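J.: Contents of work21.tsv (TSV, C-alpha atoms and all ligand atoms):
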```tsv
chain	number	residue	atom	x	y	z
N	1	MET	CA	5.09	-19.96	-19.80
N	2	PRO	CA	5.35	-19.72	-15.99
N	3	LYS	CA	3.02	-17.17	-14.45
N	4	ASP	CA	4.38	-14.37	-12.36
N	5	MET	CA	4.11	-15.96	-8.92
N	6	ASN	CA	4.56	-12.71	-6.98
N	7	GLY	CA	1.86	-12.43	-4.36
N	8	LYS	CA	0.90	-16.11	-4.70
N	9	ILE	CA	0.93	-18.25	-1.57
N	10	CYS	CA	2.07	-21.84	-2.23
N	11	LEU	CA	2.00	-24.65	0.32
N	12	ILE	CA	4.13	-27.75	-0.33
N	13	THR	CA	4.15	-30.88	1.79
N	14	GLY	CA	7.44	-32.76	2.12
N	15	ALA	CA	9.35	-29.65	1.04
N	16	ASN	CA	12.66	-30.50	2.72
N	17	SER	CA	13.75	-33.27	0.36
N	18	GLY	CA	13.79	-34.49	-3.25
N	19	ILE	CA	11.02	-33.31	-5.56
N	20	GLY	CA	9.33	-31.16	-2.90
N	21	LYS	CA	12.51	-29.25	-2.09
N	22	VAL	CA	13.23	-28.45	-5.75
N	23	THR	CA	9.59	-27.40	-6.21
N	24	ALA	CA	9.81	-25.08	-3.19
N	25	LEU	CA	13.06	-23.58	-4.45
N	26	GLU	CA	11.76	-22.96	-7.99
N	27	LEU	CA	8.52	-21.39	-6.75
N	28	ALA	CA	10.54	-19.17	-4.40
N	29	LYS	CA	12.73	-18.14	-7.36
N	30	LEU	CA	9.55	-17.18	-9.25
N	31	GLY	CA	8.66	-14.82	-6.39
N	32	ALA	CA	5.98	-16.87	-4.63
N	33	LYS	CA	5.44	-16.85	-0.89
N	34	VAL	CA	6.33	-20.48	-0.14
N	35	VAL	CA	5.19	-22.36	2.95
N	36	MET	CA	7.04	-25.61	3.60
N	37	PHE	CA	5.10	-28.35	5.42
N	38	CYS	CA	7.77	-30.61	6.96
N	39	ARG	CA	7.69	-33.21	9.71
N	40	ASN	CA	11.20	-32.76	11.11
N	41	SER	CA	12.43	-29.40	12.47
N	42	LYS	CA	16.12	-29.93	11.77
N	43	ARG	CA	15.61	-31.19	8.20
N	44	GLY	CA	13.06	-28.43	7.63
N	45	GLU	CA	15.33	-25.67	8.98
N	46	ASP	CA	18.27	-26.86	6.85
N	47	ALA	CA	16.14	-26.87	3.68
N	48	LEU	CA	14.56	-23.52	4.56
N	49	ALA	CA	18.00	-21.86	4.91
N	50	GLU	CA	19.16	-23.40	1.61
N	51	ILE	CA	16.02	-22.33	-0.28
N	52	LYS	CA	16.17	-18.76	1.06
N	53	GLN	CA	19.86	-18.49	0.19
N	54	LYS	CA	19.58	-20.01	-3.33
N	55	SER	CA	16.38	-18.17	-4.29
N	56	GLY	CA	17.19	-14.81	-2.73
N	57	ASN	CA	13.54	-14.85	-1.57
N	58	ALA	CA	13.21	-14.21	2.18
N	59	SER	CA	9.50	-14.92	2.00
N	60	VAL	CA	9.75	-18.65	2.66
N	61	ASP	CA	8.16	-20.10	5.78
N	62	LEU	CA	8.50	-23.44	7.54
N	63	MET	CA	5.68	-25.09	9.45
N	64	ILE	CA	6.16	-28.42	11.21
N	65	ALA	CA	3.48	-31.12	11.09
N	66	ASP	CA	3.15	-34.86	10.54
N	67	LEU	CA	0.85	-36.31	7.89
N	68	ALA	CA	0.88	-39.59	9.84
N	69	SER	CA	-1.24	-37.96	12.56
N	70	LEU	CA	-4.69	-36.58	11.82
N	71	ASP	CA	-4.49	-34.39	14.92
N	72	SER	CA	-1.24	-32.92	13.69
N	73	VAL	CA	-2.83	-32.16	10.29
N	74	ARG	CA	-5.79	-30.49	12.04
N	75	ARG	CA	-3.46	-28.35	14.15
N	76	PHE	CA	-1.46	-27.45	11.05
N	77	ALA	CA	-4.58	-26.34	9.16
N	78	ALA	CA	-5.74	-24.21	12.10
N	79	ASP	CA	-2.28	-22.60	12.44
N	80	PHE	CA	-2.06	-22.02	8.68
N	81	LYS	CA	-5.47	-20.30	8.63
N	82	ALA	CA	-4.47	-18.15	11.60
N	83	LYS	CA	-1.30	-17.06	9.81
N	84	TYR	CA	-2.48	-16.68	6.20
N	85	ASN	CA	-5.71	-15.59	4.58
N	86	LYS	CA	-5.11	-16.96	1.09
N	87	LEU	CA	-3.81	-20.19	-0.49
N	88	HIS	CA	-3.30	-20.12	-4.26
N	89	VAL	CA	-1.36	-23.36	-4.79
N	90	LEU	CA	-1.48	-26.48	-2.64
N	91	ILE	CA	1.02	-29.18	-3.59
N	92	ASN	CA	0.37	-32.51	-1.88
N	93	ASN	CA	3.83	-33.89	-2.50
N	94	ALA	CA	5.03	-35.74	0.63
N	95	GLY	CA	5.16	-39.48	0.29
N	96	ILE	CA	6.60	-42.56	1.89
N	97	HIS	CA	7.31	-46.18	0.96
N	98	TYR	CA	7.70	-48.58	3.88
N	99	PRO	CA	8.81	-52.19	3.37
N	100	GLU	CA	6.66	-53.46	6.22
N	101	ARG	CA	3.11	-52.97	7.44
N	102	LYS	CA	2.89	-50.25	10.07
N	103	LEU	CA	-0.05	-48.55	11.66
N	104	THR	CA	-0.21	-44.84	12.41
N	105	ILE	CA	-1.20	-43.35	15.75
N	106	ASP	CA	-4.76	-43.24	14.36
N	107	GLY	CA	-4.60	-46.98	13.63
N	108	TYR	CA	-4.40	-46.81	9.81
N	109	GLU	CA	-1.94	-48.55	7.46
N	110	ALA	CA	0.88	-46.01	7.26
N	111	MET	CA	1.33	-45.52	3.48
N	112	PHE	CA	-2.42	-45.12	2.96
N	113	ALA	CA	-2.51	-42.76	5.96
N	114	VAL	CA	0.42	-40.52	5.03
N	115	ASN	CA	0.17	-40.56	1.24
N	116	HIS	CA	-3.62	-40.35	1.02
N	117	LEU	CA	-5.57	-39.70	4.25
N	118	GLY	CA	-3.30	-36.96	5.63
N	119	HIS	CA	-3.42	-35.08	2.33
N	120	PHE	CA	-7.17	-35.67	1.97
N	121	LEU	CA	-7.79	-34.09	5.38
N	122	LEU	CA	-5.31	-31.25	4.80
N	123	THR	CA	-6.92	-30.37	1.46
N	124	LEU	CA	-10.48	-30.43	2.76
N	125	LEU	CA	-9.62	-28.36	5.83
N	126	LEU	CA	-8.04	-25.72	3.59
N	127	LEU	CA	-10.59	-25.96	0.77
N	128	ASP	CA	-12.71	-22.93	1.71
N	129	MET	CA	-9.59	-20.81	1.83
N	130	ILE	CA	-8.40	-22.20	-1.52
N	131	LYS	CA	-11.79	-21.47	-3.13
N	132	ALA	CA	-11.73	-17.94	-1.73
N	133	SER	CA	-8.28	-17.50	-3.34
N	134	ALA	CA	-9.38	-18.61	-6.85
N	135	PRO	CA	-7.95	-18.86	-9.40
N	136	ALA	CA	-6.14	-21.53	-7.42
N	137	ARG	CA	-4.58	-24.91	-8.05
N	138	ILE	CA	-4.19	-28.20	-6.21
N	139	ILE	CA	-1.54	-30.65	-7.33
N	140	ASN	CA	-1.29	-34.22	-6.08
N	141	VAL	CA	2.00	-36.05	-6.60
N	142	SER	CA	0.98	-39.60	-7.46
N	143	SER	CA	3.00	-42.30	-9.23
N	144	GLU	CA	2.97	-44.68	-12.16
N	145	ALA	CA	3.14	-47.35	-9.43
N	146	HIS	CA	-0.65	-46.94	-9.11
N	147	VAL	CA	-1.22	-49.11	-12.19
N	148	PHE	CA	-0.49	-52.37	-10.35
N	149	SER	CA	-2.86	-51.77	-7.46
N	150	LYS	CA	-6.48	-51.64	-6.47
N	151	ILE	CA	-8.29	-50.77	-3.28
N	152	ASP	CA	-9.87	-53.61	-1.32
N	153	PHE	CA	-12.36	-51.77	0.89
N	154	ASP	CA	-12.77	-54.92	3.00
N	155	ASP	CA	-9.09	-54.84	3.93
N	156	LEU	CA	-8.20	-51.14	4.13
N	157	ASN	CA	-5.62	-51.80	6.84
N	158	LEU	CA	-4.08	-54.71	4.89
N	159	ASP	CA	-4.55	-57.08	7.85
N	160	LYS	CA	-5.15	-59.96	5.47
N	161	LYS	CA	-2.39	-59.40	2.97
N	162	PHE	CA	0.52	-56.96	2.85
N	163	ASN	CA	2.85	-56.43	-0.08
N	164	GLU	CA	4.94	-53.25	0.01
N	165	PHE	CA	4.55	-52.43	-3.69
N	166	GLN	CA	0.80	-53.10	-3.66
N	167	ALA	CA	0.41	-51.02	-0.53
N	168	TYR	CA	2.40	-48.10	-1.93
N	169	GLY	CA	0.66	-48.36	-5.30
N	170	ARG	CA	-2.72	-48.39	-3.58
N	171	SER	CA	-1.92	-45.12	-1.79
N	172	LYS	CA	-0.87	-43.55	-5.08
N	173	LEU	CA	-4.04	-44.84	-6.79
N	174	ALA	CA	-5.96	-43.17	-3.94
N	175	ASN	CA	-4.23	-39.88	-4.89
N	176	ILE	CA	-5.69	-40.25	-8.39
N	177	TYR	CA	-9.21	-41.20	-7.26
N	178	PHE	CA	-9.09	-38.19	-4.93
N	179	THR	CA	-7.94	-35.90	-7.75
N	180	TYR	CA	-10.72	-36.98	-10.12
N	181	GLU	CA	-13.48	-36.78	-7.51
N	182	LEU	CA	-12.27	-33.42	-6.18
N	183	ALA	CA	-12.09	-32.01	-9.72
N	184	GLU	CA	-15.77	-32.93	-10.21
N	185	ARG	CA	-16.71	-31.31	-6.93
N	186	LEU	CA	-14.71	-28.15	-7.72
N	187	ALA	CA	-16.17	-27.61	-11.20
N	188	GLY	CA	-16.97	-23.94	-11.72
N	189	THR	CA	-15.10	-22.71	-8.62
N	190	GLY	CA	-11.93	-21.53	-10.39
N	191	VAL	CA	-9.90	-24.14	-8.51
N	192	THR	CA	-8.19	-26.79	-10.62
N	193	VAL	CA	-6.85	-30.11	-9.35
N	194	ASN	CA	-4.45	-32.37	-11.22
N	195	CYS	CA	-2.12	-35.22	-10.37
N	196	LEU	CA	1.11	-36.51	-11.84
N	197	HIS	CA	3.82	-39.10	-12.08
N	198	PRO	CA	7.21	-37.38	-11.63
N	199	GLY	CA	9.29	-40.13	-13.28
N	200	MET	CA	11.78	-42.38	-11.52
N	201	VAL	CA	13.63	-39.79	-9.49
N	202	LYS	CA	16.87	-39.99	-7.52
N	203	THR	CA	15.75	-38.72	-4.09
N	204	ASN	CA	15.68	-39.99	-0.51
N	205	PHE	CA	12.57	-41.95	-1.35
N	206	GLN	CA	14.22	-45.40	-1.36
N	207	ARG	CA	15.75	-45.04	2.10
N	208	TYR	CA	13.46	-47.45	3.96
N	209	SER	CA	13.06	-50.23	1.40
N	210	LYS	CA	15.76	-52.66	0.27
N	211	MET	CA	13.50	-53.78	-2.60
N	212	VAL	CA	13.14	-50.20	-3.89
N	213	GLN	CA	16.92	-49.75	-3.59
N	214	ASP	CA	17.44	-52.93	-5.64
N	215	ALA	CA	14.90	-51.82	-8.26
N	216	ILE	CA	16.76	-48.52	-8.61
N	217	LYS	CA	20.09	-50.33	-9.00
N	218	LYS	CA	18.61	-52.43	-11.80
N	219	ALA	CA	17.03	-49.45	-13.60
N	220	PRO	CA	18.33	-49.00	-17.15
N	221	PRO	CA	20.75	-46.07	-17.50
N	222	GLY	CA	18.95	-42.82	-18.16
N	223	LEU	CA	15.70	-43.92	-16.54
N	224	LEU	CA	16.62	-42.45	-13.17
N	225	ILE	CA	16.30	-38.67	-13.30
N	226	SER	CA	17.47	-35.85	-11.03
N	227	PRO	CA	15.12	-34.14	-8.53
N	228	GLU	CA	15.33	-31.05	-10.78
N	229	GLU	CA	13.98	-33.09	-13.72
N	230	GLY	CA	11.51	-34.88	-11.46
N	231	ALA	CA	10.02	-31.61	-10.18
N	232	LYS	CA	9.35	-30.18	-13.65
N	233	THR	CA	5.79	-31.48	-14.06
N	234	THR	CA	4.79	-30.34	-10.57
N	235	ILE	CA	6.20	-26.86	-11.23
N	236	TYR	CA	4.50	-26.78	-14.64
N	237	LEU	CA	1.13	-27.64	-13.11
N	238	ALA	CA	1.64	-25.06	-10.36
N	239	THR	CA	2.71	-22.18	-12.58
N	240	SER	CA	2.06	-22.56	-16.30
N	241	THR	CA	-0.57	-20.47	-18.05
N	242	GLU	CA	-1.05	-23.43	-20.44
N	243	VAL	CA	-2.86	-25.42	-17.74
N	244	GLU	CA	-4.79	-22.53	-16.19
N	245	ASN	CA	-8.12	-24.17	-16.99
N	246	VAL	CA	-7.09	-27.82	-17.07
N	247	THR	CA	-8.49	-29.93	-14.25
N	248	GLY	CA	-9.02	-33.57	-13.31
N	249	ARG	CA	-6.10	-34.88	-15.35
N	250	TYR	CA	-3.06	-37.11	-14.76
N	251	PHE	CA	0.27	-35.78	-16.10
N	252	GLU	CA	3.72	-37.10	-16.89
N	253	ASN	CA	6.51	-35.16	-18.58
N	254	LEU	CA	4.39	-31.99	-18.82
N	255	LYS	CA	1.68	-33.85	-20.76
N	256	ALA	CA	-1.74	-35.13	-19.76
N	257	LYS	CA	-2.03	-38.89	-20.21
N	258	LYS	CA	-4.35	-41.70	-19.20
N	259	SER	CA	-4.03	-43.20	-15.75
N	260	SER	CA	-5.02	-46.82	-15.16
N	261	ARG	CA	-8.45	-47.95	-16.38
N	262	ARG	CA	-9.45	-48.65	-12.80
N	263	SER	CA	-8.70	-45.07	-11.69
N	264	TYR	CA	-11.63	-43.76	-13.78
N	265	GLU	CA	-14.27	-45.84	-11.94
N	266	ARG	CA	-16.67	-43.18	-10.65
N	267	GLU	CA	-18.22	-45.51	-8.07
N	268	ILE	CA	-14.83	-46.17	-6.48
N	269	GLN	CA	-13.88	-42.48	-6.56
N	270	LYS	CA	-17.05	-41.67	-4.62
N	271	LYS	CA	-16.70	-44.63	-2.28
N	272	LEU	CA	-13.10	-43.72	-1.39
N	273	TRP	CA	-14.20	-40.13	-0.76
N	274	GLU	CA	-16.94	-41.20	1.62
N	275	ILE	CA	-14.70	-43.63	3.49
N	276	SER	CA	-11.90	-41.08	3.70
N	277	GLU	CA	-14.34	-38.56	5.20
N	278	LYS	CA	-15.26	-41.11	7.86
N	279	LEU	CA	-11.68	-42.20	8.58
N	280	THR	CA	-10.49	-38.59	8.95
N	281	GLY	CA	-13.44	-37.60	11.11
N	282	LEU	CA	-14.81	-35.15	8.55
N	283	ALA	CA	-18.10	-36.96	8.04
B	1	LIG	N1	11.33	-40.71	-6.31
B	1	LIG	C1	10.58	-41.34	-7.20
B	1	LIG	O1	11.08	-42.08	-8.09
B	1	LIG	C2	9.09	-41.17	-7.21
B	1	LIG	C3	8.34	-41.79	-8.22
B	1	LIG	C4	6.96	-41.63	-8.26
B	1	LIG	C5	6.35	-40.84	-7.29
B	1	LIG	N2	7.08	-40.25	-6.31
B	1	LIG	C6	6.39	-39.42	-5.30
B	1	LIG	O2	7.02	-38.17	-5.21
B	1	LIG	C7	6.76	-37.58	-3.94
B	1	LIG	C8	8.03	-36.97	-3.38
B	1	LIG	O3	8.94	-38.02	-3.10
B	1	LIG	P1	10.52	-37.88	-3.29
B	1	LIG	O4	10.92	-38.83	-4.33
B	1	LIG	O5	10.91	-36.45	-3.40
B	1	LIG	O6	11.00	-38.51	-1.88
B	1	LIG	P2	11.78	-37.92	-0.63
B	1	LIG	O7	13.05	-37.28	-1.04
B	1	LIG	O8	11.82	-39.05	0.34
B	1	LIG	O9	10.79	-36.79	-0.08
B	1	LIG	C9	9.59	-37.14	0.55
B	1	LIG	C10	9.17	-36.01	1.48
B	1	LIG	O10	7.97	-36.41	2.17
B	1	LIG	C11	8.15	-36.14	3.55
B	1	LIG	N3	7.31	-36.98	4.41
B	1	LIG	C12	7.33	-38.32	4.54
B	1	LIG	N4	6.46	-38.71	5.50
B	1	LIG	C13	5.90	-37.58	5.98
B	1	LIG	C14	4.96	-37.32	7.00
B	1	LIG	N5	4.44	-38.30	7.74
B	1	LIG	N6	4.60	-36.03	7.23
B	1	LIG	C15	5.15	-35.03	6.52
B	1	LIG	N7	6.06	-35.20	5.56
B	1	LIG	C16	6.43	-36.47	5.30
B	1	LIG	C17	9.63	-36.42	3.78
B	1	LIG	O11	10.06	-35.88	5.01
B	1	LIG	P3	11.42	-36.45	5.73
B	1	LIG	O12	12.56	-35.95	4.92
B	1	LIG	O13	11.33	-35.86	7.09
B	1	LIG	O14	11.31	-37.95	5.71
B	1	LIG	C18	10.20	-35.71	2.56
B	1	LIG	O15	10.25	-34.33	2.78
B	1	LIG	C19	6.15	-38.71	-3.09
B	1	LIG	O16	4.76	-38.50	-2.99
B	1	LIG	C20	6.43	-39.98	-3.89
B	1	LIG	O17	5.45	-40.96	-3.66
B	1	LIG	C21	8.44	-40.38	-6.23
```
Show the structure stored in the file as structure tokens.
T.:
Amino acid sequence: MPKDMNGKICLITGANSGIGKVTALELAKLGAKVVMFCRNSKRGEDALAEIKQKSGNASVDLMIADLASLDSVRRFAADFKAKYNKLHVLINNAGIHYPERKLTIDGYEAMFAVNHLGHFLLTLLLLDMIKASAPARIINVSSEAHVFSKIDFDDLNLDKKFNEFQAYGRSKLANIYFTYELAERLAGTGVTVNCLHPGMVKTNFQRYSKMVQDAIKKAPPGLLISPEEGAKTTIYLATSTEVENVTGRYFENLKAKKSSRRSYEREIQKKLWEISEKLTGLA
């Protein structure tokens, strides 16, 4: 059962495309105040107009920021706090898969930086506000791709060895470590945090990588789902009364399931947290 989302403020990163756009639209249809975190003004404005028109909800806002820049994330969080005094649902959805090794303006490997570090910083900068809005929920969009990867803390920037699938998978494994550690830290606060695999979804996600495009072409019929299907678990975790008190779990197809064995290593969860605090300047 979806909750009545009237009066709820929901922030979604990467809300102009694919899974994030459908999530924003469905939450707007349910009456939420939706804030779209997008990196490109034109793409953001186009999606904003479409979401307002299709949902009939005028209470949708667009804020421009780039998860690849820690300064941009800091500015976003300050602007968000100046504009709003509550945050009931944070959906860390934006994600990127690059075929080659790139460094961000802060000097970090780009997939790790955008998919993990940017969201880590955003969440922690907004955490007091989220706690003050409890009951509240945080949802991290991870991926099944995490199962093939691990984090080598001696080569966080992948100077020694870069493989696009390992690098992407590592960033999605980081989403899970972050979810599990944050859930521990938020116990008793009324804030839940869960992560998910959306399925193999037909979005703009493959646009940079020929290898991802080829993998999609070879996918058995029926495996590739629409963005509407792909957004279902995110929307469920954001709105359903069934998961009101569920926290620290990994979901697929509206069901909690086990993530990789490695993702449950408490030592690594803590280590990644501490390193992420240092890399984002929080420590
Ligand atoms: N599609 C799949 O099969 C699949 C499978 C497993 C997991 N996922 C995960 O699902 C999430 C959503 O992906 P999608 O499939 O919906 O892909 P998508 O259509 O490419 O959407 C990704 C969104 O992230 C935004 N984004 C990328 N880099 C950003 C940055 N530096 N700052 C702010 N926003 C940024 C994109 O903005 P622009 O439009 O401006 O680039 C876009 O809005 C990702 O986390 C992805 O890892 C997808």
J.: Which residue gives the smallest distance to ligand LIG 1 (chain B) among N:Met200, N:Leu70, N:Ala132, N:Ala183, with only C-alpha atoms and all ligand atoms counted?
T.: N:Met200
J.: Contacts of stretch 236-242 of chain N at 9 Å or less, counting all atoms listed in the file, minus same-chain residues fewer than 6 places along, as a list in words?
T.: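 The filter keeps Met1, Pro2, Lys3, Asp4, Met5, Cys10, Leu27, Val89, Leu90, Ile91, Arg137, Ile138, Ile139, Asn194, Cys195, Leu196, Phe251 and Leu254 of chain N.
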J.: Taking only C-alpha atoms and all ligand atoms into account, report as number ranges by chain which residues have an atom no farther than 6 Å from an atom of ligand LIG 1 (chain B).
T.: N: 14-20, 38-40, 66-68, 93-96, 114, 141-143, 197-205
J.: Select, from N:His119, N:Lys29, N:Arg249, N:Arg185, the residue with the minimum atom-to-atom distance to N:Val73, counting all atoms listed in the file.
T.: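 Using all atoms listed in the file, N:Val73 sits closest to N:His119.
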J.: Taking all atoms listed in the file into account, name the residue in N:Leu124, N:Ala28, N:Ala187, N:Leu224 that is nearest to N:Asn245.
T.: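 With all atoms listed in the file as the atom set, the closest residue is N:Ala187.
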